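Here the structure comes first, spelled out in structure tokens, and everything after it is commentary.
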Amino acid sequence: MRTSRFVLRCFLSACWTLVNAIYRVIQRVAWLFDGTANELRARERPEQYENSAQVMRILFRFKFDEILNQANVNNDFILLHERFDSPEYVLQDHITLYQVTKKEAIFIEARPGSELWRSREHNPFMMVSQFMFGRKVVRIPISSFWRLADSLGDPKGQLVFLANTARCGSTLLAQMFEVTNKIVAISEPSALDILSSKVTSKEKLTNDLKRLIIATVRVLCKPTLNRELAYVLKLTAQSMQGLPLVTEVFPKARYLFMYRDSLKVAQSLCRFSEELPAAKILFLLDKWRKSRVNYYLESIGMPPDTFKFTISSHLSFGTIVWGWTVKLFEQFRDAGLDIAAVRYEDIVERPVEAMTAIMRYLDLPENLALMAKSALEFDSQRDTPLASSVLRRHRTVEYSGREKAECDQICDTLDVPHLGQPYLAPGTITTKQNN
């Protein structure tokens with residue numbers, strides 16, 4: 001991202017924040033006079049369930065970073081109240097879950113007939129598709145959300161959670177599932193990402209958290225007209241730390257972890273950080289302080305203040321992300337979590353054989369593997385700032401000199417192989433010998 005574009009983005013973000021705040025104050029005052037505020041309070045009562053969904057039209061939208069900024073309906077949109085409706089209204093295929101808070105669940109309504117999880121027709125990432133193509137917002141109280149989820153029950157098809165190291169081809173794998181037309185693959189649903197980011201791998205499952213996770217997954221995986229065989233929820237790299245809690249409430253689900261050559265991941269994350277404004281400002285203002293790095297390390301059981309130095313290289317950032325997710329995956333396996341590994345290089349070199357092994361592990365028809373191969377014909381992140389044609393504009397950071405010394409020190413601290421060294425994750429099901 002050029003400096004001029006970045007500065008303009010920052011200016012527009014400041015203007016948007018100010019205008020949005022003023023509009024919301026005026027809106028709240030108007031609701032006091034027209035009775036909407038009273039109706040919002042009344043919808044919390046159980047007897048008001050059938051009229052507890054607030055439908056609002058999207059007037060304007062803006063996000064500083066459409067990919068990295070988390071979903072926040074109050075920050076992302078300027079909305080106009082239209083009416084109240086039944087929570088069952090959100091069960092239509094063109095309405096999808098966007099955000100979950102302690103008080104409410106927020107849905108995005110798109111054009112009737114559209115399915116925002118279909119990346120070929122929209123964006124490779126669910127949250128971005130919702131932001132770009134949403135026409136209305138539907139907000140329901142958390143009590144109505146739980147009641148709606150209870151009426152749905154657990155997903156009718158096989159439930160699959162796909163964790164990953166980031167920049168490893170997991171978006172491609174999600175689209176390989178999608179093109180079979182028998183699997184609903186949702187890439188990085190923001191609702192589940194927000195839930196997972198609140199927990200660590202050591203946190204206990206409280207009743208409220210358990211209910212929230214169950215309800216979110218049930219609504220994300222609501223039945224569609226496609227009569228799907230399975231639902232694949234592709235998580236962001238940082239949200240995988242919540243997987244042990246998910247396994248408690250969905251013990252029959254299947255779990256996959258996707259990884260790639262460590263040097264390729266680290267270098268790709270460098271180019272990634274140059275293109276996205278939120279990543280760019282992180283490095284400009286923060287440079288990955290020790291406290292931020294140690295937060296990630298604590299989540300995998302390492303002592304506080306493990307790092308005695310500040311991360312200064314973009315390549316080091318990529319090394320931490322790869323090493324942290326790999327270490328977390330290994331700890332999950334050691335703790336008895338039944339999670340299989342999938343290697344990117346196997347899928348690219350032998351797509352049909354690798355996908356056959358994956359379908360077999362997921363108890364899905366193996367003949368879907370041949371259909372899945374067609375996803376390789378396209379850039380999985382086309383028409384986004386992360387498209388190959390865009391990221392190639394940025395130089396590849398060399399693994400040498402000071403950058404290499406810092407990355408090696410990180411790998412030694414995490415007890416993982418140095419960048420570029422051969423690594424075969426335990427439980428990898430896509431290797432030739434396993435096929």
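Each chain of the structure tokens is named A, B, ... in the order shown, its residues numbered from 1; ligands are numbered from 1 in display order.
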
Excluding A:His94 and residues on its chain fewer than 5 positions from it, collect all residues at most 8 Å away from it, counting only C-alpha atoms, and give them as a PyMOL selection string. chain A and resi 109-116

Write out as JSON, numbers by chain which residues come within 7 Å of stretch 129-138 of chain A when counting only C-alpha atoms, dropping same-chain ones fewer than 5 positions away. {"A": [53, 54, 55, 56, 57, 58, 106, 107, 108, 109, 110, 111, 116, 122, 123]}

Applying 10 Å and only C-alpha atoms, which residues near stretch 141-149 of chain A remain after dropping the ones on its own chain fewer than 4 positions away? List them as a VMD selection string. chain A and resid 40 to 41 43 to 46 48 to 54 86 to 88 90 to 91 100 to 106 153 to 154 211 to 212 214 to 220 222

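Running DSSP on the backbone and keeping only strand (DSSP E or B), the residues of stretch 132-169 of chain A that qualify are A:Lys136, A:Val137, A:Val138, A:Arg139, A:Ile140, A:Pro141, A:Gln158, A:Leu159, A:Val160, A:Phe161, A:Leu162, A:Ala163, A:Asn164.
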
Identify, on the basis of only C-alpha atoms, every residue whose closest approach to stretch 317-328 of chain A does not exceed 6 Å; exclude the query and any residue fewer than 2 positions from it along the same chain; express the result as an MDAnalysis selection string. chainID A and resid 165 266 269 300 314:315 330:331
